[in-house]
$ cat target30.tsv   # TSV, N, CA and C atoms
chain	number	residue	atom	x	y	z
V	17	MET	N	-10.34	240.88	116.38
V	17	MET	CA	-10.53	239.46	116.16
V	17	MET	C	-9.19	238.72	116.25
V	18	VAL	N	-8.10	239.37	115.81
V	18	VAL	CA	-6.78	238.73	115.89
V	18	VAL	C	-6.40	238.48	117.34
V	19	ALA	N	-6.64	239.46	118.20
V	19	ALA	CA	-6.30	239.30	119.61
V	19	ALA	C	-7.09	238.14	120.23
V	20	LEU	N	-8.36	238.02	119.87
V	20	LEU	CA	-9.18	236.92	120.38
V	20	LEU	C	-8.63	235.58	119.90
V	21	SER	N	-8.21	235.52	118.64
V	21	SER	CA	-7.67	234.26	118.12
V	21	SER	C	-6.40	233.87	118.87
V	22	VAL	N	-5.55	234.83	119.18
V	22	VAL	CA	-4.32	234.55	119.93
V	22	VAL	C	-4.67	234.02	121.32
V	23	ILE	N	-5.62	234.64	121.97
V	23	ILE	CA	-6.03	234.20	123.31
V	23	ILE	C	-6.59	232.77	123.27
V	24	LEU	N	-7.44	232.50	122.31
V	24	LEU	CA	-8.06	231.17	122.22
V	24	LEU	C	-7.04	230.08	121.89
V	25	VAL	N	-6.14	230.36	120.96
V	25	VAL	CA	-5.09	229.38	120.62
V	25	VAL	C	-4.20	229.15	121.83
V	26	ALA	N	-3.86	230.21	122.54
V	26	ALA	CA	-3.03	230.07	123.74
V	26	ALA	C	-3.74	229.23	124.80
V	27	LEU	N	-5.05	229.41	124.94
V	27	LEU	CA	-5.80	228.61	125.92
V	27	LEU	C	-5.81	227.13	125.54
V	28	VAL	N	-5.94	226.82	124.25
V	28	VAL	CA	-5.88	225.42	123.82
V	28	VAL	C	-4.49	224.85	124.10
V	29	ALA	N	-3.45	225.64	123.84
V	29	ALA	CA	-2.09	225.19	124.14
V	29	ALA	C	-1.91	224.93	125.63
V	30	LEU	N	-2.41	225.85	126.45
V	30	LEU	CA	-2.30	225.67	127.91
V	30	LEU	C	-3.07	224.44	128.38
V	31	GLU	N	-4.21	224.18	127.79
V	31	GLU	CA	-4.98	222.98	128.14
V	31	GLU	C	-4.14	221.73	127.87
V	32	HIS	N	-3.43	221.72	126.76
V	32	HIS	CA	-2.64	220.54	126.43
V	32	HIS	C	-1.37	220.43	127.27
V	33	ILE	N	-0.86	221.54	127.75
V	33	ILE	CA	0.24	221.48	128.72
V	33	ILE	C	-0.28	220.88	130.02
V	34	TYR	N	-1.48	221.27	130.42
V	34	TYR	CA	-2.09	220.70	131.62
V	34	TYR	C	-2.29	219.19	131.46
V	35	ILE	N	-2.76	218.77	130.31
V	35	ILE	CA	-2.95	217.34	130.06
V	35	ILE	C	-1.60	216.62	130.09
V	36	LEU	N	-0.58	217.24	129.51
V	36	LEU	CA	0.77	216.67	129.58
V	36	LEU	C	1.17	216.44	131.03
V	37	ILE	N	0.98	217.43	131.86
V	37	ILE	CA	1.35	217.32	133.28
V	37	ILE	C	0.57	216.20	133.96
V	38	LEU	N	-0.72	216.14	133.70
V	38	LEU	CA	-1.55	215.08	134.30
V	38	LEU	C	-1.08	213.69	133.85
V	39	GLU	N	-0.83	213.53	132.57
V	39	GLU	CA	-0.50	212.21	132.05
V	39	GLU	C	0.94	211.80	132.30
V	40	MET	N	1.86	212.74	132.27
V	40	MET	CA	3.27	212.39	132.44
V	40	MET	C	3.72	212.35	133.90
V	41	PHE	N	3.19	213.23	134.71
V	41	PHE	CA	3.72	213.39	136.07
V	41	PHE	C	2.73	213.09	137.18
V	42	MET	N	1.44	213.10	136.89
V	42	MET	CA	0.44	212.93	137.95
V	42	MET	C	-0.48	211.74	137.72
V	43	TRP	N	-0.18	210.89	136.75
V	43	TRP	CA	-1.06	209.80	136.33
V	43	TRP	C	-1.52	208.94	137.50
V	44	THR	N	-0.66	208.68	138.46
V	44	THR	CA	-1.00	207.80	139.58
V	44	THR	C	-1.46	208.58	140.82
V	45	LYS	N	-1.64	209.87	140.68
V	45	LYS	CA	-2.11	210.71	141.79
V	45	LYS	C	-3.64	210.77	141.77
V	46	PRO	N	-4.25	210.98	142.94
V	46	PRO	CA	-5.72	211.00	143.03
V	46	PRO	C	-6.40	211.96	142.05
V	47	ARG	N	-5.84	213.14	141.87
V	47	ARG	CA	-6.48	214.12	140.98
V	47	ARG	C	-6.57	213.59	139.54
V	48	ALA	N	-5.46	213.08	139.01
V	48	ALA	CA	-5.46	212.56	137.64
V	48	ALA	C	-6.35	211.33	137.54
V	49	MET	N	-6.31	210.46	138.53
V	49	MET	CA	-7.15	209.26	138.49
V	49	MET	C	-8.63	209.64	138.49
V	50	ARG	N	-8.99	210.68	139.23
V	50	ARG	CA	-10.38	211.15	139.26
V	50	ARG	C	-10.76	211.74	137.89
V	51	ILE	N	-9.89	212.57	137.33
V	51	ILE	CA	-10.17	213.21	136.05
V	51	ILE	C	-10.33	212.17	134.93
V	52	PHE	N	-9.46	211.16	134.93
V	52	PHE	CA	-9.48	210.17	133.87
V	52	PHE	C	-10.31	208.94	134.20
V	53	GLY	N	-10.84	208.89	135.42
V	53	GLY	CA	-11.71	207.78	135.81
V	53	GLY	C	-10.99	206.45	135.92
V	54	THR	N	-9.79	206.47	136.46
V	54	THR	CA	-9.01	205.24	136.59
V	54	THR	C	-8.86	204.82	138.04
V	55	THR	N	-8.46	203.58	138.22
V	55	THR	CA	-8.15	203.06	139.55
V	55	THR	C	-6.65	203.13	139.77
V	56	LYS	N	-6.24	202.98	141.01
V	56	LYS	CA	-4.81	202.98	141.33
V	56	LYS	C	-4.08	201.86	140.59
V	57	ALA	N	-4.67	200.68	140.58
V	57	ALA	CA	-4.03	199.54	139.91
V	57	ALA	C	-3.88	199.80	138.41
V	58	PHE	N	-4.95	200.29	137.79
V	58	PHE	CA	-4.89	200.58	136.36
V	58	PHE	C	-3.85	201.66	136.08
V	59	ALA	N	-3.84	202.71	136.90
V	59	ALA	CA	-2.89	203.81	136.71
V	59	ALA	C	-1.45	203.31	136.82
V	60	GLU	N	-1.18	202.46	137.77
V	60	GLU	CA	0.17	201.92	137.92
V	60	GLU	C	0.56	201.07	136.71
V	61	GLN	N	-0.37	200.28	136.21
V	61	GLN	CA	-0.09	199.40	135.07
V	61	GLN	C	0.10	200.18	133.76
V	62	THR	N	-0.50	201.33	133.66
V	62	THR	CA	-0.48	202.08	132.40
V	62	THR	C	0.34	203.36	132.48
V	63	LYS	N	1.15	203.49	133.50
V	63	LYS	CA	1.91	204.72	133.72
V	63	LYS	C	2.78	205.10	132.52
V	64	SER	N	3.50	204.16	131.95
V	64	SER	CA	4.37	204.50	130.82
V	64	SER	C	3.56	204.84	129.57
V	65	LEU	N	2.43	204.17	129.38
V	65	LEU	CA	1.58	204.50	128.23
V	65	LEU	C	1.02	205.92	128.37
V	66	ALA	N	0.60	206.27	129.58
V	66	ALA	CA	0.05	207.61	129.82
V	66	ALA	C	1.12	208.67	129.61
V	67	ALA	N	2.34	208.38	130.04
V	67	ALA	CA	3.43	209.34	129.85
V	67	ALA	C	3.68	209.58	128.36
V	68	ASN	N	3.62	208.53	127.58
V	68	ASN	CA	3.79	208.65	126.13
V	68	ASN	C	2.66	209.50	125.55
V	69	GLN	N	1.46	209.26	125.99
V	69	GLN	CA	0.30	210.03	125.55
V	69	GLN	C	0.46	211.50	125.93
V	70	GLY	N	0.96	211.73	127.13
V	70	GLY	CA	1.19	213.10	127.58
V	70	GLY	C	2.20	213.83	126.72
V	71	LEU	N	3.23	213.10	126.29
V	71	LEU	CA	4.24	213.69	125.43
V	71	LEU	C	3.61	214.18	124.13
V	72	TYR	N	2.71	213.39	123.56
V	72	TYR	CA	2.03	213.80	122.34
V	72	TYR	C	1.18	215.06	122.57
V	73	ASN	N	0.54	215.16	123.72
V	73	ASN	CA	-0.20	216.38	124.04
V	73	ASN	C	0.75	217.56	124.14
V	74	GLY	N	1.94	217.31	124.64
V	74	GLY	CA	2.95	218.37	124.69
V	74	GLY	C	3.37	218.83	123.30
V	75	PHE	N	3.45	217.88	122.35
V	75	PHE	CA	3.77	218.26	120.98
V	75	PHE	C	2.68	219.15	120.38
V	76	LEU	N	1.43	218.86	120.70
V	76	LEU	CA	0.34	219.71	120.22
V	76	LEU	C	0.48	221.12	120.79
V	77	ALA	N	0.76	221.20	122.09
V	77	ALA	CA	0.94	222.51	122.72
V	77	ALA	C	2.13	223.25	122.11
V	78	ALA	N	3.23	222.53	121.87
V	78	ALA	CA	4.42	223.15	121.29
V	78	ALA	C	4.12	223.67	119.88
V	79	GLY	N	3.38	222.92	119.10
V	79	GLY	CA	3.02	223.37	117.76
V	79	GLY	C	2.16	224.61	117.78
V	80	LEU	N	1.22	224.66	118.71
V	80	LEU	CA	0.37	225.85	118.82
V	80	LEU	C	1.19	227.06	119.27
V	81	ALA	N	2.11	226.85	120.20
V	81	ALA	CA	2.99	227.94	120.65
V	81	ALA	C	3.87	228.42	119.50
V	82	TRP	N	4.38	227.47	118.72
V	82	TRP	CA	5.20	227.81	117.55
V	82	TRP	C	4.40	228.70	116.60
V	83	GLY	N	3.16	228.33	116.35
V	83	GLY	CA	2.30	229.12	115.48
V	83	GLY	C	2.07	230.53	116.02
V	84	LEU	N	1.90	230.64	117.32
V	84	LEU	CA	1.68	231.95	117.94
V	84	LEU	C	2.93	232.83	117.90
V	85	LEU	N	4.09	232.21	118.01
V	85	LEU	CA	5.35	232.96	118.13
V	85	LEU	C	6.11	233.13	116.81
V	86	HIS	N	5.63	232.49	115.76
V	86	HIS	CA	6.35	232.55	114.49
V	86	HIS	C	6.43	234.00	114.01
V	87	PRO	N	7.62	234.43	113.54
V	87	PRO	CA	7.77	235.84	113.13
V	87	PRO	C	6.98	236.22	111.87
V	88	ASP	N	6.66	235.24	111.05
V	88	ASP	CA	5.84	235.51	109.86
V	88	ASP	C	4.38	235.20	110.23
V	89	ASP	N	3.59	236.25	110.38
V	89	ASP	CA	2.21	236.08	110.85
V	89	ASP	C	1.38	235.14	109.97
V	90	ALA	N	1.54	235.24	108.66
V	90	ALA	CA	0.76	234.39	107.76
V	90	ALA	C	1.15	232.92	107.92
V	91	PHE	N	2.43	232.65	108.02
V	91	PHE	CA	2.87	231.27	108.21
V	91	PHE	C	2.49	230.78	109.61
V	92	GLY	N	2.61	231.64	110.61
V	92	GLY	CA	2.20	231.29	111.97
V	92	GLY	C	0.73	230.91	112.04
V	93	ARG	N	-0.08	231.62	111.28
V	93	ARG	CA	-1.53	231.30	111.22
V	93	ARG	C	-1.75	229.92	110.61
V	94	GLN	N	-1.00	229.58	109.57
V	94	GLN	CA	-1.11	228.26	108.96
V	94	GLN	C	-0.70	227.16	109.95
V	95	ILE	N	0.34	227.42	110.70
V	95	ILE	CA	0.79	226.46	111.73
V	95	ILE	C	-0.32	226.28	112.77
V	96	GLN	N	-0.91	227.38	113.22
V	96	GLN	CA	-2.00	227.30	114.19
V	96	GLN	C	-3.16	226.47	113.65
V	97	LEU	N	-3.54	226.72	112.41
V	97	LEU	CA	-4.64	225.98	111.80
V	97	LEU	C	-4.33	224.48	111.74
V	98	PHE	N	-3.11	224.14	111.37
V	98	PHE	CA	-2.72	222.74	111.29
V	98	PHE	C	-2.82	222.07	112.66
V	99	PHE	N	-2.24	222.69	113.68
V	99	PHE	CA	-2.24	222.06	115.00
V	99	PHE	C	-3.62	222.07	115.65
V	100	LEU	N	-4.43	223.07	115.38
V	100	LEU	CA	-5.81	223.04	115.87
V	100	LEU	C	-6.59	221.90	115.21
V	101	ALA	N	-6.34	221.69	113.93
V	101	ALA	CA	-6.98	220.56	113.24
V	101	ALA	C	-6.51	219.23	113.84
V	102	CYS	N	-5.22	219.14	114.19
V	102	CYS	CA	-4.71	217.93	114.84
V	102	CYS	C	-5.40	217.70	116.18
V	103	VAL	N	-5.59	218.76	116.95
V	103	VAL	CA	-6.29	218.64	118.23
V	103	VAL	C	-7.72	218.15	117.99
V	104	LEU	N	-8.38	218.69	117.00
V	104	LEU	CA	-9.74	218.26	116.69
V	104	LEU	C	-9.81	216.78	116.31
V	105	VAL	N	-8.91	216.34	115.47
V	105	VAL	CA	-8.89	214.93	115.07
V	105	VAL	C	-8.64	214.05	116.30
V	106	ALA	N	-7.68	214.45	117.14
V	106	ALA	CA	-7.38	213.68	118.35
V	106	ALA	C	-8.59	213.65	119.29
V	107	ALA	N	-9.30	214.77	119.39
V	107	ALA	CA	-10.47	214.83	120.27
V	107	ALA	C	-11.60	213.94	119.76
V	108	VAL	N	-11.82	213.96	118.47
V	108	VAL	CA	-12.87	213.09	117.91
V	108	VAL	C	-12.49	211.63	118.11
V	109	TYR	N	-11.25	211.29	117.82
V	109	TYR	CA	-10.82	209.90	118.00
V	109	TYR	C	-10.90	209.49	119.48
V	110	GLY	N	-10.43	210.37	120.35
V	110	GLY	CA	-10.51	210.08	121.79
V	110	GLY	C	-11.94	209.94	122.26
V	111	GLY	N	-12.83	210.77	121.72
V	111	GLY	CA	-14.24	210.69	122.08
V	111	GLY	C	-14.88	209.39	121.63
V	112	LEU	N	-14.45	208.90	120.49
V	112	LEU	CA	-15.00	207.65	119.96
V	112	LEU	C	-14.42	206.41	120.62
V	113	THR	N	-13.17	206.49	121.06
V	113	THR	CA	-12.48	205.30	121.55
V	113	THR	C	-12.22	205.26	123.05
V	114	ALA	N	-12.19	206.41	123.70
V	114	ALA	CA	-11.80	206.43	125.11
V	114	ALA	C	-12.91	206.97	126.02
V	115	LYS	N	-13.24	208.23	125.83
V	115	LYS	CA	-14.20	208.89	126.72
V	115	LYS	C	-14.92	209.98	125.93
V	116	ARG	N	-16.23	209.90	125.86
V	116	ARG	CA	-17.01	210.82	125.03
V	116	ARG	C	-16.78	212.30	125.37
V	117	SER	N	-16.54	212.58	126.63
V	117	SER	CA	-16.39	213.98	127.05
V	117	SER	C	-15.16	214.65	126.44
V	118	ILE	N	-14.23	213.87	125.91
V	118	ILE	CA	-13.04	214.45	125.27
V	118	ILE	C	-13.45	215.34	124.10
V	119	VAL	N	-14.50	214.97	123.40
V	119	VAL	CA	-14.96	215.78	122.27
V	119	VAL	C	-15.30	217.19	122.74
V	120	VAL	N	-15.90	217.30	123.91
V	120	VAL	CA	-16.28	218.61	124.43
V	120	VAL	C	-15.10	219.31	125.10
V	121	THR	N	-14.38	218.60	125.97
V	121	THR	CA	-13.33	219.25	126.75
V	121	THR	C	-12.12	219.64	125.93
V	122	GLN	N	-11.79	218.86	124.90
V	122	GLN	CA	-10.65	219.21	124.05
V	122	GLN	C	-11.07	219.68	122.66
V	123	GLY	N	-12.10	219.05	122.12
V	123	GLY	CA	-12.52	219.38	120.76
V	123	GLY	C	-13.22	220.71	120.63
V	124	LEU	N	-14.11	221.01	121.54
V	124	LEU	CA	-14.87	222.26	121.43
V	124	LEU	C	-13.97	223.49	121.52
V	125	PRO	N	-13.06	223.58	122.50
V	125	PRO	CA	-12.16	224.75	122.52
V	125	PRO	C	-11.33	224.87	121.23
V	126	ALA	N	-10.86	223.73	120.71
V	126	ALA	CA	-10.08	223.76	119.48
V	126	ALA	C	-10.94	224.21	118.30
V	127	LEU	N	-12.16	223.73	118.24
V	127	LEU	CA	-13.07	224.11	117.16
V	127	LEU	C	-13.38	225.61	117.19
V	128	ILE	N	-13.63	226.14	118.38
V	128	ILE	CA	-13.89	227.58	118.51
V	128	ILE	C	-12.66	228.38	118.10
V	129	ALA	N	-11.49	227.95	118.60
V	129	ALA	CA	-10.24	228.65	118.24
V	129	ALA	C	-10.00	228.58	116.73
V	130	LEU	N	-10.24	227.42	116.15
V	130	LEU	CA	-10.07	227.25	114.70
V	130	LEU	C	-10.96	228.21	113.93
V	131	ALA	N	-12.22	228.29	114.33
V	131	ALA	CA	-13.15	229.20	113.65
V	131	ALA	C	-12.71	230.64	113.77
V	132	VAL	N	-12.26	231.05	114.94
V	132	VAL	CA	-11.84	232.44	115.14
V	132	VAL	C	-10.56	232.73	114.36
V	133	VAL	N	-9.62	231.78	114.33
V	133	VAL	CA	-8.40	231.98	113.54
V	133	VAL	C	-8.76	232.14	112.06
V	134	LEU	N	-9.69	231.33	111.58
V	134	LEU	CA	-10.11	231.43	110.18
V	134	LEU	C	-10.77	232.78	109.87
V	135	LEU	N	-11.50	233.31	110.84
V	135	LEU	CA	-12.20	234.58	110.65
V	135	LEU	C	-11.32	235.81	110.86
V	136	ALA	N	-10.22	235.62	111.58
V	136	ALA	CA	-9.34	236.76	111.92
V	136	ALA	C	-8.56	237.26	110.71

$ encode --input "target30.tsv" --output "structure tokens"
Amino acid sequence: MVALSVILVALVALEHIYILILEMFMWTKPRAMRIFGTTKAFAEQTKSLAANQGLYNGFLAAGLAWGLLHPDDAFGRQIQLFFLACVLVAAVYGGLTAKRSIVVTQGLPALIALAVVLLA
């Protein structure tokens, strides 16, 4: 169960690194505009806001990585739980205010990882 929790937390971290890349570096590219449902004009106007948002996703990924790599397993688990909870809160808020699918695409993986970490 511990190995599964590590894999799931790492996948949530990788997802947020991907979001960081999309928001910070690819916001005005066709792929990111398609994923986020934006137009070229909107993407150009909101480029700096998206980059800021991407940075926050990077902080979530960094926190999850910190939890996975911490030398004290018990404290590392607490760090993982905290950052998974942060991802869940962000996903719920994003789902309510931006795009409903965020609850599933970001919240569900975090919720599953959180449950497995708690059970491990």

$ residues_around --input "target30.tsv" --residues "range 66-78 of chain V" --least-positions-apart "5" --cutoff "5 Å" --atoms "all atoms listed in the file" --output "list of chain:residue names"
V:Ala29, V:His32, V:Leu36, V:Glu39, V:Met40

$ write_last_selection --input "target30.tsv" --atoms "N, CA and C atoms" --output "PDB file, in the frame of the given file"
ATOM      1  N   ALA V  29      -3.450 225.640 123.840  1.00  0.00           N
ATOM      2  CA  ALA V  29      -2.090 225.190 124.140  1.00  0.00           C
ATOM      3  C   ALA V  29      -1.910 224.930 125.630  1.00  0.00           C
ATOM      4  N   HIS V  32      -3.430 221.720 126.760  1.00  0.00           N
ATOM      5  CA  HIS V  32      -2.640 220.540 126.430  1.00  0.00           C
ATOM      6  C   HIS V  32      -1.370 220.430 127.270  1.00  0.00           C
ATOM      7  N   LEU V  36      -0.580 217.240 129.510  1.00  0.00           N
ATOM      8  CA  LEU V  36       0.770 216.670 129.580  1.00  0.00           C
ATOM      9  C   LEU V  36       1.170 216.440 131.030  1.00  0.00           C
ATOM     10  N   GLU V  39      -0.830 213.530 132.570  1.00  0.00           N
ATOM     11  CA  GLU V  39      -0.500 212.210 132.050  1.00  0.00           C
ATOM     12  C   GLU V  39       0.940 211.800 132.300  1.00  0.00           C
ATOM     13  N   MET V  40       1.860 212.740 132.270  1.00  0.00           N
ATOM     14  CA  MET V  40       3.270 212.390 132.440  1.00  0.00           C
ATOM     15  C   MET V  40       3.720 212.350 133.900  1.00  0.00           C
TER      16      MET V  40
END

$ closest_residue --input "target30.tsv" --among "V:Leu65, V:Ala81, V:Leu97, V:Arg50" --to "Ile33 in chain V" --atoms "only C-alpha atoms"
V:Ala81

$ axis_aligned_box --input "target30.tsv" --around "range 70-81 of chain V" --padding-each-side "5 Å" --output "JSON"
{"center_x": 2.1, "center_y": 220.1, "center_z": 122.7, "size_x": 14.6, "size_y": 26.7, "size_z": 19.8}

$ residues_around --input "target30.tsv" --residues "Val132 in chain V" --least-positions-apart "4" --cutoff "7 Å" --atoms "all atoms listed in the file" --output "list in words"
Met17, Leu20, Ser21, Leu127, Ile128 and Ala136 of chain V

$ atom_distance --input "target30.tsv" --atom1 "atom N of Lys115 in chain V" --atom2 "CA of Val133 in chain V"
27.2 Å

$ residues_around --input "target30.tsv" --residues "Trp82 in chain V" --least-positions-apart "4" --cutoff "8 Å" --atoms "all atoms listed in the file" --output "PDB file with N, CA and C atoms, in the coordinates of the input"
ATOM      1  N   LEU V  76       1.430 218.860 120.700  1.00  0.00           N
ATOM      2  CA  LEU V  76       0.340 219.710 120.220  1.00  0.00           C
ATOM      3  C   LEU V  76       0.480 221.120 120.790  1.00  0.00           C
ATOM      4  N   ALA V  77       0.760 221.200 122.090  1.00  0.00           N
ATOM      5  CA  ALA V  77       0.940 222.510 122.720  1.00  0.00           C
ATOM      6  C   ALA V  77       2.130 223.250 122.110  1.00  0.00           C
ATOM      7  N   ALA V  78       3.230 222.530 121.870  1.00  0.00           N
ATOM      8  CA  ALA V  78       4.420 223.150 121.290  1.00  0.00           C
ATOM      9  C   ALA V  78       4.120 223.670 119.880  1.00  0.00           C
ATOM     10  N   HIS V  86       5.630 232.490 115.760  1.00  0.00           N
ATOM     11  CA  HIS V  86       6.350 232.550 114.490  1.00  0.00           C
ATOM     12  C   HIS V  86       6.430 234.000 114.010  1.00  0.00           C
ATOM     13  N   PRO V  87       7.620 234.430 113.540  1.00  0.00           N
ATOM     14  CA  PRO V  87       7.770 235.840 113.130  1.00  0.00           C
ATOM     15  C   PRO V  87       6.980 236.220 111.870  1.00  0.00           C
ATOM     16  N   PHE V  91       2.430 232.650 108.020  1.00  0.00           N
ATOM     17  CA  PHE V  91       2.870 231.270 108.210  1.00  0.00           C
ATOM     18  C   PHE V  91       2.490 230.780 109.610  1.00  0.00           C
ATOM     19  N   GLY V  92       2.610 231.640 110.610  1.00  0.00           N
ATOM     20  CA  GLY V  92       2.200 231.290 111.970  1.00  0.00           C
ATOM     21  C   GLY V  92       0.730 230.910 112.040  1.00  0.00           C
ATOM     22  N   ARG V  93      -0.080 231.620 111.280  1.00  0.00           N
ATOM     23  CA  ARG V  93      -1.530 231.300 111.220  1.00  0.00           C
ATOM     24  C   ARG V  93      -1.750 229.920 110.610  1.00  0.00           C
ATOM     25  N   ILE V  95       0.340 227.420 110.700  1.00  0.00           N
ATOM     26  CA  ILE V  95       0.790 226.460 111.730  1.00  0.00           C
ATOM     27  C   ILE V  95      -0.320 226.280 112.770  1.00  0.00           C
ATOM     28  N   GLN V  96      -0.910 227.380 113.220  1.00  0.00           N
ATOM     29  CA  GLN V  96      -2.000 227.300 114.190  1.00  0.00           C
ATOM     30  C   GLN V  96      -3.160 226.470 113.650  1.00  0.00           C
TER      31      GLN V  96
END

$ decode --input "target30.tsv" --residues "range 43-59 of chain V" --atoms "N, CA, C and O atoms" --output "PDB file, in the first residue's frame"
ATOM      1  N   TRP V  43       0.696  28.934 -22.582  1.00  0.00           N
ATOM      2  CA  TRP V  43      -0.633  29.526 -22.455  1.00  0.00           C
ATOM      3  C   TRP V  43      -1.187  30.017 -23.784  1.00  0.00           C
ATOM      4  O   TRP V  43      -2.374  29.908 -24.054  1.00  0.00           O
ATOM      5  N   THR V  44      -0.354  30.589 -24.633  1.00  0.00           N
ATOM      6  CA  THR V  44      -0.822  31.154 -25.902  1.00  0.00           C
ATOM      7  C   THR V  44      -0.654  30.178 -27.072  1.00  0.00           C
ATOM      8  O   THR V  44      -0.869  30.557 -28.221  1.00  0.00           O
ATOM      9  N   LYS V  45      -0.279  28.954 -26.787  1.00  0.00           N
ATOM     10  CA  LYS V  45      -0.117  27.931 -27.833  1.00  0.00           C
ATOM     11  C   LYS V  45      -1.444  27.188 -28.028  1.00  0.00           C
ATOM     12  O   LYS V  45      -2.260  27.078 -27.115  1.00  0.00           O
ATOM     13  N   PRO V  46      -1.665  26.661 -29.235  1.00  0.00           N
ATOM     14  CA  PRO V  46      -2.938  25.979 -29.527  1.00  0.00           C
ATOM     15  C   PRO V  46      -3.308  24.873 -28.534  1.00  0.00           C
ATOM     16  O   PRO V  46      -4.476  24.749 -28.146  1.00  0.00           O
ATOM     17  N   ARG V  47      -2.339  24.082 -28.116  1.00  0.00           N
ATOM     18  CA  ARG V  47      -2.641  22.973 -27.199  1.00  0.00           C
ATOM     19  C   ARG V  47      -3.234  23.489 -25.883  1.00  0.00           C
ATOM     20  O   ARG V  47      -4.252  22.987 -25.395  1.00  0.00           O
ATOM     21  N   ALA V  48      -2.577  24.470 -25.274  1.00  0.00           N
ATOM     22  CA  ALA V  48      -3.063  25.012 -23.999  1.00  0.00           C
ATOM     23  C   ALA V  48      -4.403  25.719 -24.196  1.00  0.00           C
ATOM     24  O   ALA V  48      -5.307  25.586 -23.360  1.00  0.00           O
ATOM     25  N   MET V  49      -4.548  26.455 -25.286  1.00  0.00           N
ATOM     26  CA  MET V  49      -5.819  27.146 -25.527  1.00  0.00           C
ATOM     27  C   MET V  49      -6.957  26.140 -25.690  1.00  0.00           C
ATOM     28  O   MET V  49      -8.065  26.375 -25.214  1.00  0.00           O
ATOM     29  N   ARG V  50      -6.680  25.013 -26.331  1.00  0.00           N
ATOM     30  CA  ARG V  50      -7.695  23.961 -26.490  1.00  0.00           C
ATOM     31  C   ARG V  50      -8.042  23.345 -25.133  1.00  0.00           C
ATOM     32  O   ARG V  50      -9.214  23.179 -24.792  1.00  0.00           O
ATOM     33  N   ILE V  51      -7.019  23.031 -24.336  1.00  0.00           N
ATOM     34  CA  ILE V  51      -7.236  22.404 -23.034  1.00  0.00           C
ATOM     35  C   ILE V  51      -8.040  23.321 -22.109  1.00  0.00           C
ATOM     36  O   ILE V  51      -8.957  22.875 -21.425  1.00  0.00           O
ATOM     37  N   PHE V  52      -7.707  24.615 -22.116  1.00  0.00           N
ATOM     38  CA  PHE V  52      -8.357  25.557 -21.214  1.00  0.00           C
ATOM     39  C   PHE V  52      -9.562  26.257 -21.836  1.00  0.00           C
ATOM     40  O   PHE V  52     -10.250  27.032 -21.173  1.00  0.00           O
ATOM     41  N   GLY V  53      -9.817  25.993 -23.114  1.00  0.00           N
ATOM     42  CA  GLY V  53     -10.985  26.565 -23.774  1.00  0.00           C
ATOM     43  C   GLY V  53     -10.906  28.070 -23.951  1.00  0.00           C
ATOM     44  O   GLY V  53     -11.904  28.763 -23.772  1.00  0.00           O
ATOM     45  N   THR V  54      -9.735  28.565 -24.309  1.00  0.00           N
ATOM     46  CA  THR V  54      -9.558  30.003 -24.485  1.00  0.00           C
ATOM     47  C   THR V  54      -9.332  30.361 -25.945  1.00  0.00           C
ATOM     48  O   THR V  54      -9.023  29.502 -26.770  1.00  0.00           O
ATOM     49  N   THR V  55      -9.480  31.635 -26.234  1.00  0.00           N
ATOM     50  CA  THR V  55      -9.177  32.156 -27.566  1.00  0.00           C
ATOM     51  C   THR V  55      -7.780  32.764 -27.550  1.00  0.00           C
ATOM     52  O   THR V  55      -7.217  33.027 -26.478  1.00  0.00           O
ATOM     53  N   LYS V  56      -7.256  33.008 -28.723  1.00  0.00           N
ATOM     54  CA  LYS V  56      -5.924  33.628 -28.832  1.00  0.00           C
ATOM     55  C   LYS V  56      -5.916  35.001 -28.151  1.00  0.00           C
ATOM     56  O   LYS V  56      -4.993  35.327 -27.406  1.00  0.00           O
ATOM     57  N   ALA V  57      -6.942  35.792 -28.388  1.00  0.00           N
ATOM     58  CA  ALA V  57      -7.007  37.131 -27.802  1.00  0.00           C
ATOM     59  C   ALA V  57      -7.048  37.053 -26.271  1.00  0.00           C
ATOM     60  O   ALA V  57      -6.324  37.783 -25.582  1.00  0.00           O
ATOM     61  N   PHE V  58      -7.894  36.168 -25.750  1.00  0.00           N
ATOM     62  CA  PHE V  58      -7.989  36.020 -24.303  1.00  0.00           C
ATOM     63  C   PHE V  58      -6.655  35.540 -23.725  1.00  0.00           C
ATOM     64  O   PHE V  58      -6.193  36.047 -22.693  1.00  0.00           O
ATOM     65  N   ALA V  59      -6.038  34.560 -24.382  1.00  0.00           N
ATOM     66  CA  ALA V  59      -4.764  34.025 -23.907  1.00  0.00           C
ATOM     67  C   ALA V  59      -3.694  35.110 -23.874  1.00  0.00           C
ATOM     68  O   ALA V  59      -2.922  35.194 -22.915  1.00  0.00           O
TER      69      ALA V  59
END
